[in-house]
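Here is target-v1.csv, consisting of CSV, C-alpha atoms:
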```csv
chain,number,residue,atom,x,y,z
K,1263,MET,CA,98.9,82.0,-99.1
K,1264,LYS,CA,96.8,83.7,-96.4
K,1265,THR,CA,93.4,82.2,-95.4
K,1266,ILE,CA,91.3,85.4,-95.6
K,1267,THR,CA,91.3,88.7,-97.4
K,1268,VAL,CA,90.0,91.8,-95.7
K,1269,PHE,CA,89.1,94.2,-98.5
K,1270,THR,CA,88.3,97.8,-98.2
K,1271,PRO,CA,86.8,100.0,-100.9
K,1272,ALA,CA,88.1,103.5,-100.6
K,1273,TYR,CA,87.3,106.8,-102.4
K,1274,ASN,CA,89.0,109.9,-101.0
K,1275,ARG,CA,89.2,108.3,-97.5
K,1276,ALA,CA,92.9,108.9,-96.7
K,1277,TYR,CA,91.7,110.9,-93.7
K,1278,CYS,CA,90.1,108.0,-92.0
K,1279,LEU,CA,91.8,104.8,-93.3
K,1280,ASP,CA,94.4,104.8,-90.6
K,1281,GLN,CA,92.0,103.5,-87.9
K,1282,CYS,CA,91.3,100.5,-90.1
K,1283,TYR,CA,95.0,99.9,-90.7
K,1284,GLN,CA,95.9,100.2,-87.1
K,1285,SER,CA,93.2,97.7,-86.1
K,1286,LEU,CA,94.6,95.2,-88.6
K,1287,VAL,CA,98.1,95.7,-87.3
K,1288,ARG,CA,96.8,94.8,-83.8
K,1289,GLN,CA,95.1,91.5,-84.9
K,1290,THR,CA,95.9,88.6,-82.7
K,1291,ASN,CA,96.0,86.3,-85.8
K,1292,ASN,CA,97.8,87.6,-88.9
K,1293,ASP,CA,96.5,84.9,-91.3
K,1294,PHE,CA,95.0,87.6,-93.5
K,1295,LEU,CA,95.8,89.9,-96.4
K,1296,TRP,CA,94.5,93.5,-96.6
K,1297,LEU,CA,93.3,94.5,-100.1
K,1298,ILE,CA,92.6,98.2,-100.6
K,1299,VAL,CA,90.5,98.9,-103.7
K,1300,ASP,CA,91.1,102.6,-104.5
K,1301,ASP,CA,88.0,103.6,-106.5
K,1302,GLY,CA,89.4,106.6,-108.2
K,1303,SER,CA,90.6,108.7,-105.3
K,1304,THR,CA,92.1,112.1,-105.9
K,1305,ASP,CA,93.6,112.5,-102.4
K,1306,ASN,CA,96.8,111.0,-101.1
K,1307,THR,CA,95.4,107.5,-100.6
K,1308,LYS,CA,98.0,105.8,-102.8
K,1309,GLU,CA,100.9,107.4,-101.0
K,1310,LEU,CA,99.4,106.6,-97.6
K,1311,VAL,CA,99.0,103.0,-98.5
K,1312,GLN,CA,102.5,102.8,-100.0
K,1313,SER,CA,103.9,104.0,-96.6
K,1314,TRP,CA,102.1,101.1,-94.9
K,1315,ILE,CA,103.4,98.7,-97.5
K,1316,ASP,CA,106.9,100.0,-96.8
K,1317,GLU,CA,106.4,99.4,-93.0
K,1318,ASP,CA,105.7,95.7,-93.8
K,1319,LYS,CA,103.7,95.1,-90.6
K,1320,ILE,CA,100.9,93.3,-92.4
K,1321,GLN,CA,100.5,92.0,-96.0
K,1322,ILE,CA,98.8,94.6,-98.2
K,1323,LYS,CA,97.7,94.6,-101.8
K,1324,TYR,CA,96.7,97.9,-103.5
K,1325,HIS,CA,94.5,98.2,-106.5
K,1326,TYR,CA,93.5,101.5,-108.3
K,1327,GLN,CA,90.7,101.8,-110.7
K,1328,GLU,CA,88.6,104.6,-112.2
K,1329,ASN,CA,85.6,105.5,-110.0
K,1330,GLN,CA,82.8,103.1,-110.4
K,1331,GLY,CA,81.2,103.3,-107.0
K,1332,MET,CA,81.0,100.9,-104.0
K,1333,HIS,CA,79.6,98.0,-106.1
K,1334,GLY,CA,82.3,98.5,-108.7
K,1335,ALA,CA,84.9,98.3,-106.0
K,1336,HIS,CA,83.3,95.1,-104.8
K,1337,ASN,CA,83.5,93.7,-108.3
K,1338,ALA,CA,87.2,94.4,-108.5
K,1339,ALA,CA,87.8,92.9,-105.0
K,1340,TYR,CA,86.0,89.7,-105.9
K,1341,ARG,CA,87.9,89.5,-109.2
K,1342,LEU,CA,91.2,89.9,-107.4
K,1343,ILE,CA,90.8,87.9,-104.2
K,1344,ASP,CA,92.3,84.4,-104.3
K,1345,THR,CA,92.2,83.5,-100.6
K,1346,PHE,CA,89.7,81.0,-99.3
K,1347,LEU,CA,87.6,83.6,-97.3
K,1348,ASN,CA,86.9,87.3,-97.6
K,1349,VAL,CA,85.3,90.0,-95.6
K,1350,CYS,CA,84.6,93.7,-96.4
K,1351,ILE,CA,85.6,96.3,-93.9
K,1352,ASP,CA,84.6,99.8,-95.1
K,1353,SER,CA,87.0,102.6,-95.1
K,1354,ASP,CA,85.3,104.3,-92.1
K,1355,ASP,CA,85.1,101.1,-90.1
K,1356,PHE,CA,87.7,98.9,-88.3
K,1357,MET,CA,88.0,95.5,-86.7
K,1358,PRO,CA,88.2,94.4,-83.0
K,1359,ASP,CA,91.7,93.2,-82.2
K,1360,ASP,CA,90.6,89.5,-82.2
K,1361,ALA,CA,88.2,89.7,-85.1
K,1362,ILE,CA,90.4,87.5,-87.5
K,1363,GLU,CA,90.9,85.0,-84.7
K,1364,ILE,CA,87.1,84.8,-84.1
K,1365,ILE,CA,86.4,84.4,-87.8
K,1366,LEU,CA,88.9,81.6,-88.4
K,1367,ASN,CA,88.1,79.7,-85.2
K,1368,ASN,CA,84.4,79.7,-86.1
K,1369,TRP,CA,85.1,78.8,-89.7
K,1370,LYS,CA,86.8,75.6,-88.6
K,1371,LYS,CA,83.4,74.4,-87.2
K,1372,ILE,CA,81.8,74.4,-90.6
K,1373,GLU,CA,84.7,74.2,-93.1
K,1374,ASN,CA,83.7,70.7,-94.3
K,1375,LYS,CA,80.0,71.6,-94.8
K,1376,ASP,CA,79.5,72.6,-98.4
K,1377,HIS,CA,76.1,74.1,-97.9
K,1378,PHE,CA,77.6,77.0,-96.0
K,1379,ALA,CA,78.5,80.2,-97.9
K,1380,GLY,CA,80.2,81.7,-94.9
K,1381,LEU,CA,79.6,83.3,-91.5
K,1382,VAL,CA,77.4,86.1,-90.3
K,1383,GLY,CA,78.4,88.1,-87.2
K,1384,LEU,CA,77.8,91.4,-85.5
K,1385,ASP,CA,78.6,95.0,-86.0
K,1386,ALA,CA,79.1,97.4,-83.0
K,1387,ASP,CA,79.7,101.1,-82.5
K,1388,LYS,CA,82.8,102.5,-80.9
K,1389,ASN,CA,81.2,102.3,-77.5
K,1390,GLY,CA,80.7,98.5,-77.9
K,1391,LYS,CA,76.9,98.8,-78.4
K,1392,ILE,CA,75.6,96.1,-80.8
K,1393,ILE,CA,74.1,97.6,-84.0
K,1394,GLY,CA,70.5,96.5,-83.9
K,1395,SER,CA,70.1,93.2,-82.1
K,1396,GLN,CA,71.8,89.8,-81.7
K,1397,MET,CA,70.7,86.7,-83.5
K,1398,PRO,CA,68.9,83.9,-81.7
K,1399,SER,CA,71.3,82.0,-79.6
K,1400,ASP,CA,70.0,78.6,-80.7
K,1401,LEU,CA,70.3,79.4,-84.4
K,1402,THR,CA,72.8,77.1,-86.1
K,1403,GLU,CA,72.3,78.0,-89.8
K,1404,THR,CA,70.3,80.7,-91.6
K,1405,THR,CA,70.3,83.0,-94.5
K,1406,LEU,CA,70.6,86.8,-94.4
K,1407,ASN,CA,67.0,87.2,-95.4
K,1408,GLU,CA,65.8,84.7,-92.7
K,1409,ILE,CA,67.7,86.7,-90.0
K,1410,TYR,CA,65.6,89.7,-90.6
K,1411,ASP,CA,62.2,88.4,-92.0
K,1412,LYS,CA,61.9,85.2,-90.0
K,1413,HIS,CA,63.8,85.9,-86.8
K,1414,GLY,CA,63.2,89.6,-86.5
K,1415,VAL,CA,66.8,90.6,-86.1
K,1416,LYS,CA,67.6,94.3,-86.5
K,1417,GLY,CA,70.6,96.3,-87.7
K,1418,ASP,CA,73.5,95.7,-90.1
K,1419,LYS,CA,75.4,92.4,-89.8
K,1420,LYS,CA,78.9,91.5,-91.1
K,1421,LEU,CA,79.3,88.7,-93.7
K,1422,VAL,CA,82.4,86.6,-94.2
K,1423,LEU,CA,82.1,84.6,-97.4
K,1424,LYS,CA,83.8,81.8,-99.2
K,1425,THR,CA,85.5,83.3,-102.2
K,1426,SER,CA,84.6,80.3,-104.4
K,1427,VAL,CA,80.9,80.9,-103.6
K,1428,VAL,CA,81.1,84.6,-104.5
K,1429,LYS,CA,82.7,83.9,-107.8
K,1430,GLN,CA,79.8,81.7,-108.9
K,1431,TYR,CA,77.6,84.8,-109.3
K,1432,PRO,CA,77.6,87.6,-111.8
K,1433,PRO,CA,79.2,90.9,-110.9
K,1434,TYR,CA,77.2,94.0,-110.1
K,1435,PRO,CA,76.1,95.8,-113.2
K,1436,ILE,CA,77.6,99.1,-114.0
K,1437,PHE,CA,75.2,101.8,-115.3
K,1438,GLU,CA,76.6,104.8,-117.2
K,1439,GLY,CA,76.4,107.9,-115.2
K,1440,GLU,CA,75.6,106.1,-111.9
K,1441,ARG,CA,77.8,104.9,-109.1
K,1442,PHE,CA,75.6,102.8,-106.9
K,1443,VAL,CA,73.9,99.4,-107.0
K,1444,PRO,CA,72.7,98.0,-103.6
K,1445,LEU,CA,75.2,95.3,-102.4
K,1446,GLY,CA,72.3,93.2,-101.2
K,1447,TYR,CA,71.7,92.0,-104.7
K,1448,LEU,CA,74.6,89.5,-104.4
K,1449,TYR,CA,73.7,88.4,-100.9
K,1450,GLN,CA,70.1,87.7,-102.0
K,1451,LEU,CA,71.4,85.4,-104.8
K,1452,ILE,CA,73.6,83.6,-102.3
K,1453,ASP,CA,70.6,83.1,-100.0
K,1454,GLN,CA,68.9,81.0,-102.7
K,1455,ASP,CA,71.6,78.4,-102.7
K,1456,TYR,CA,73.5,78.5,-99.4
K,1457,LYS,CA,73.3,79.0,-95.7
K,1458,LEU,CA,75.3,81.2,-93.3
K,1459,TYR,CA,76.7,80.2,-89.9
K,1460,PRO,CA,75.6,82.8,-87.3
K,1461,ILE,CA,77.9,83.9,-84.5
K,1462,ASN,CA,77.0,86.5,-81.9
K,1463,GLU,CA,80.4,88.0,-81.8
K,1464,VAL,CA,81.6,91.4,-83.0
K,1465,MET,CA,83.6,91.4,-86.2
K,1466,CYS,CA,83.4,95.0,-87.1
K,1467,ILE,CA,83.3,98.4,-85.4
K,1468,VAL,CA,81.2,100.8,-87.6
K,1469,GLU,CA,81.1,104.5,-87.8
K,1470,TYR,CA,78.5,106.2,-90.1
K,1471,LEU,CA,80.3,109.3,-91.5
K,1472,GLU,CA,78.5,112.2,-93.0
K,1473,ASP,CA,79.9,111.4,-96.5
K,1474,GLY,CA,79.0,107.7,-96.3
K,1475,SER,CA,76.2,106.1,-98.3
K,1476,SER,CA,74.3,105.0,-95.2
K,1477,MET,CA,73.8,108.6,-94.2
K,1478,ASN,CA,72.7,109.8,-97.6
K,1479,MET,CA,70.2,107.1,-98.8
K,1480,LEU,CA,67.5,109.4,-100.1
K,1481,LYS,CA,70.1,111.2,-102.2
K,1482,GLN,CA,71.3,107.8,-103.4
K,1483,TYR,CA,67.8,106.9,-104.5
K,1484,ARG,CA,67.7,110.1,-106.7
K,1485,ARG,CA,71.3,110.0,-108.0
K,1486,HIS,CA,71.3,106.3,-108.9
K,1487,PRO,CA,67.8,105.3,-110.0
K,1488,LYS,CA,68.9,102.7,-112.6
K,1489,GLY,CA,70.9,100.8,-110.0
K,1490,PHE,CA,68.0,100.8,-107.5
K,1491,ALA,CA,65.5,99.8,-110.1
K,1492,PHE,CA,67.8,96.8,-111.0
K,1493,SER,CA,68.0,95.8,-107.4
K,1494,ARG,CA,64.2,96.2,-106.8
K,1495,LYS,CA,63.4,94.0,-109.8
K,1496,SER,CA,65.7,91.3,-108.5
K,1497,ARG,CA,64.2,91.5,-105.0
K,1498,MET,CA,60.6,91.3,-106.5
K,1499,LYS,CA,61.6,88.3,-108.6
K,1500,LEU,CA,63.1,86.4,-105.6
K,1501,SER,CA,60.6,87.5,-102.9
K,1502,ASN,CA,58.2,84.8,-101.6
K,1503,ASN,CA,55.7,87.0,-99.8
K,1504,PHE,CA,53.3,89.8,-100.7
K,1505,LYS,CA,54.6,92.4,-98.3
K,1506,GLU,CA,58.2,92.2,-99.5
K,1507,THR,CA,57.2,92.2,-103.1
K,1508,PHE,CA,54.9,95.1,-102.8
K,1509,LYS,CA,57.4,97.2,-100.9
K,1510,ASN,CA,60.0,96.7,-103.6
K,1511,ALA,CA,57.4,97.4,-106.3
K,1512,ILE,CA,56.7,100.8,-104.7
K,1513,HIS,CA,60.5,101.6,-104.8
K,1514,TYR,CA,60.7,100.3,-108.4
K,1515,VAL,CA,57.9,102.6,-109.6
K,1516,SER,CA,59.6,105.6,-107.9
K,1517,SER,CA,63.0,104.7,-109.5
K,1518,ALA,CA,61.3,104.3,-112.9
K,1519,MET,CA,59.9,107.8,-112.6
K,1520,PHE,CA,63.4,109.2,-112.0
K,1521,THR,CA,64.7,107.5,-115.2
K,1522,LYS,CA,61.5,108.4,-117.1
K,1523,ASN,CA,61.2,104.7,-118.1
K,1524,SER,CA,57.9,104.3,-119.8
K,1525,GLY,CA,58.4,100.6,-120.1
K,1526,PHE,CA,58.8,99.9,-116.4
K,1527,LEU,CA,55.6,97.9,-116.2
K,1528,LYS,CA,56.6,95.6,-119.1
K,1529,GLU,CA,60.0,95.1,-117.5
K,1530,SER,CA,58.6,94.2,-114.0
K,1531,PRO,CA,58.9,90.6,-112.9
K,1532,LYS,CA,55.7,91.0,-110.8
K,1533,LYS,CA,53.3,93.1,-113.0
K,1534,GLY,CA,50.3,92.8,-110.7
K,1535,HIS,CA,52.1,94.0,-107.7
K,1536,THR,CA,53.6,96.8,-109.7
K,1537,ILE,CA,50.2,98.0,-110.9
K,1538,LEU,CA,49.0,98.2,-107.3
K,1539,ALA,CA,52.2,100.0,-106.3
K,1540,ILE,CA,51.9,102.8,-108.8
K,1541,PRO,CA,50.1,105.4,-106.7
K,1542,PHE,CA,52.4,104.7,-103.7
K,1543,GLY,CA,55.4,104.8,-105.9
K,1544,ILE,CA,54.4,108.2,-107.2
K,1545,LEU,CA,54.0,109.5,-103.6
K,1546,LEU,CA,57.4,108.1,-102.7
K,1547,ASN,CA,59.0,109.8,-105.7
K,1548,ILE,CA,57.4,113.1,-104.7
K,1549,TYR,CA,58.7,112.6,-101.1
K,1550,ILE,CA,62.2,111.9,-102.3
K,1551,ARG,CA,62.2,115.0,-104.6
K,1552,VAL,CA,61.0,117.2,-101.8
K,1553,LYS,CA,63.5,115.9,-99.2
K,1554,THR,CA,66.4,116.3,-101.7
K,1555,LYS,CA,65.4,119.4,-103.5
K,1556,ASN,CA,68.3,121.4,-102.1
K,1557,ASP,CA,70.9,118.9,-103.4
K,1558,PHE,CA,69.8,118.9,-107.0
```
What would the structure in this file look like if it were written as structure tokens?
Amino acid sequence: MKTITVFTPAYNRAYCLDQCYQSLVRQTNNDFLWLIVDDGSTDNTKELVQSWIDEDKIQIKYHYQENQGMHGAHNAAYRLIDTFLNVCIDSDDFMPDDAIEIILNNWKKIENKDHFAGLVGLDADKNGKIIGSQMPSDLTETTLNEIYDKHGVKGDKKLVLKTSVVKQYPPYPIFEGERFVPLGYLYQLIDQDYKLYPINEVMCIVEYLEDGSSMNMLKQYRRHPKGFAFSRKSRMKLSNNFKETFKNAIHYVSSAMFTKNSGFLKESPKKGHTILAIPFGILLNIYIRVKTKNDF
């Protein structure tokens, strides 16, 4: 059995999957399996992946499911993965040639320490520029939340997680008619129980495409308000400072307005913060409606 699964959720991304595939073929360490979770694609993704399986250059597993969104694809991946480690590389991203080698070499440093859930490393763009900022060089263990709130690190970071840890937590919820729940929900749960080992090395080359979720966040807020409300409630419940709680309360109020949920205050885990956030949540809701009015 391989040590790590690289999993890639894909929805109609046959046009860009090849750069991810080619980067995996070039890896200096092949102790990995590539799992493609096809989330209901209607293009030629299946045929393309089959051609790579036939080439037999790397070990590939293909899974098709009806469209559930990114979080639904993550649910399927975590259900199917049986390797010790896993890492998500999105369909429009790819890995540096030595990424698997970097991951496995660093994992050996902490593999006998049970309080680690995995590694956290860097993303970079195609020109080699780090996304955001590096982590403090003297940091030996952290959580994802501490990286941003305590150490002031900026930008997306790449997580490599122990599969046994991920399987301890509930799957992302699926809401009828919606296709998005923020992935940070799981990572915040892991933060409560485990640490991450930080490494200032690039694990992923990212490219934010026009049809990607990162480039369409305001539209996501409007299209998937139940998923965002769920995430905001979780964040409020686990937050340990006023600023973070209040910010999420504002977003929670806005999402509740989109769903016309009259019971939002009763359902809030932090009712005082939510009451204070109501006028700001109303303004945020109006802002999102104005900014996305041409798309709905």
List every residue of range 1444-1502 of chain K that has an atom at most 12 Å from any atom of range 1382-1385 of chain K, and for each one report the closest atom pair and its distance in Å to one decimal, counting only C-alpha atoms, with rows sorted by chain and then by increasing residue number, as a tab-separated table.
```
residue	atom	partner	partner_atom	distance
K:Tyr1449	CA	K:Val1382	CA	11.5
K:Lys1457	CA	K:Val1382	CA	9.8
K:Leu1458	CA	K:Val1382	CA	6.1
K:Tyr1459	CA	K:Val1382	CA	6.0
K:Pro1460	CA	K:Val1382	CA	4.8
K:Ile1461	CA	K:Gly1383	CA	5.0
K:Asn1462	CA	K:Gly1383	CA	5.7
K:Glu1463	CA	K:Leu1384	CA	5.7
K:Val1464	CA	K:Leu1384	CA	4.5
K:Met1465	CA	K:Leu1384	CA	5.8
K:Cys1466	CA	K:Asp1385	CA	4.9
K:Ile1467	CA	K:Asp1385	CA	5.8
K:Val1468	CA	K:Asp1385	CA	6.6
K:Glu1469	CA	K:Asp1385	CA	10.0
K:Tyr1470	CA	K:Asp1385	CA	11.9
```
Nearest to Pro1398 in chain K, chosen from K:Ile1266, K:Gly1414, K:Ala1386, K:Pro1433, with all atoms listed in the file counted in the distances
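Using all atoms listed in the file, the shortest distance to Pro1398 in chain K belongs to K:Gly1414.
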Contacts of Asn1547 in chain K within 8 Å, only C-alpha atoms, excl. fewer than 6 positions in-chain, as a list in words:
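Listed by chain and then number, they are Ser1516, Ser1517, Met1519 and Phe1520 of chain K.
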Record the distance separating CA of Gln1321 in chain K and CA of Asp1418 in chain K, expressed in Å with one decimal.
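CA of Gln1321 in chain K sits 27.9 Å away from CA of Asp1418 in chain K.
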Give me, as a list in words, all polymer residues having an atom no more than 8 Å from range 1500-1507 of chain K, counting all atoms listed in the file and skipping those fewer than 3 positions away in the same chain.
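So the residues in contact are Gln1450, Ser1496, Arg1497, Asn1510, Ala1511, Lys1532 and His1535 of chain K.
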With C-alpha atoms retained, could you export that selection as a JSON list (two decimals), keeping the file's coordinate frame?
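Output saved as selection30.json:
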```
[["chain", "number", "residue", "atom", "x", "y", "z"],
["K", 1450, "GLN", "CA", 70.10, 87.70, -102.00],
["K", 1496, "SER", "CA", 65.70, 91.30, -108.50],
["K", 1497, "ARG", "CA", 64.20, 91.50, -105.00],
["K", 1510, "ASN", "CA", 60.00, 96.70, -103.60],
["K", 1511, "ALA", "CA", 57.40, 97.40, -106.30],
["K", 1532, "LYS", "CA", 55.70, 91.00, -110.80],
["K", 1535, "HIS", "CA", 52.10, 94.00, -107.70]]
```
Point-to-point distance in Å for CA of Asp1352 in chain K and CA of Lys1375 in chain K
28.6 Å
Please list as an NGL selection string every residue within 12 Å of Asn1367 in chain K, counting all atoms listed in the file and excluding residues in the same chain fewer than 4 positions away.
:K and (1265 or 1291 or 1293 or 1360-1363 or 1371-1373 or 1381 or 1461 or 1463)
Please dump the current selection as a short mmCIF file (atom, residue, chain, number, x, y, z; two decimals), in the coordinates of the input; keep C-alpha atoms.
```cif
data_model
loop_
_atom_site.label_atom_id
_atom_site.label_comp_id
_atom_site.auth_asym_id
_atom_site.auth_seq_id
_atom_site.Cartn_x
_atom_site.Cartn_y
_atom_site.Cartn_z
CA THR K 1265 93.40 82.20 -95.40
CA ASN K 1291 96.00 86.30 -85.80
CA ASP K 1293 96.50 84.90 -91.30
CA ASP K 1360 90.60 89.50 -82.20
CA ALA K 1361 88.20 89.70 -85.10
CA ILE K 1362 90.40 87.50 -87.50
CA GLU K 1363 90.90 85.00 -84.70
CA LYS K 1371 83.40 74.40 -87.20
CA ILE K 1372 81.80 74.40 -90.60
CA GLU K 1373 84.70 74.20 -93.10
CA LEU K 1381 79.60 83.30 -91.50
CA ILE K 1461 77.90 83.90 -84.50
CA GLU K 1463 80.40 88.00 -81.80
#
```
Give the answer as one residue: which of K:Val1349, K:Leu1295, K:Met1357, K:Leu1448 has the shortest atom-to-atom distance to Lys1388 in chain K, using all atoms listed in the file?
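Using all atoms listed in the file, the shortest distance to Lys1388 in chain K belongs to K:Met1357.
Among K:Asp1344, K:Asp1305, K:Asp1411, K:Glu1317, the residue with the shortest atom-to-atom distance to Phe1269 in chain K, counting only C-alpha atoms, is K:Asp1344.
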Judged by all atoms listed in the file, the minimum distance to Ala1539 in chain K among K:Ile1512, K:Val1311, K:Ala1518, K:Ala1379 is found for K:Ile1512
What is the CA of Thr1405 in chain K to CA of Asp1453 in chain K distance in Å?
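Taking CA of Thr1405 in chain K as the start and CA of Asp1453 in chain K as the end point, the length is 5.5 Å.
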For Gln1430 in chain K, find every residue with an atom within 12 Å (counting all atoms listed in the file), except residues of its own chain fewer than 2 positions away, and show them as a list of chain:residue names.
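Contacts, in chain order: K:Tyr1340, K:Arg1341, K:Ala1379, K:Lys1424, K:Thr1425, K:Ser1426, K:Val1427, K:Val1428, K:Pro1432, K:Pro1433, K:Leu1448, K:Leu1451, K:Ile1452, K:Asp1455, K:Tyr1456.
The shortest atom-to-atom distance to Met1498 in chain K, with all atoms listed in the file taken into account, belongs to K:Tyr1447 out of K:Phe1558, K:Tyr1549, K:Trp1369, K:Tyr1447.
Of the residues under consideration (K:Tyr1273, K:Phe1437, K:Phe1490, K:Trp1296), K:Trp1296 shows the shortest atom-to-atom contact distance to Thr1345 in chain K when counting only C-alpha atoms.
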Selection near Gln1330 in chain K, 9 Å with only C-alpha atoms, sequence-local residues under 2 positions removed, as an MDAnalysis selection string
chainID K and resid 1301:1302 1327:1328 1332:1335 1436 1440:1442
Around the point (89.8, 98.4, -100.9) in the file's coordinates, collect all residues with an atom within 6 Å, using only C-alpha atoms, and return them as JSON, numbers by chain.
{"K": [1269, 1270, 1271, 1272, 1297, 1298, 1299, 1300]}
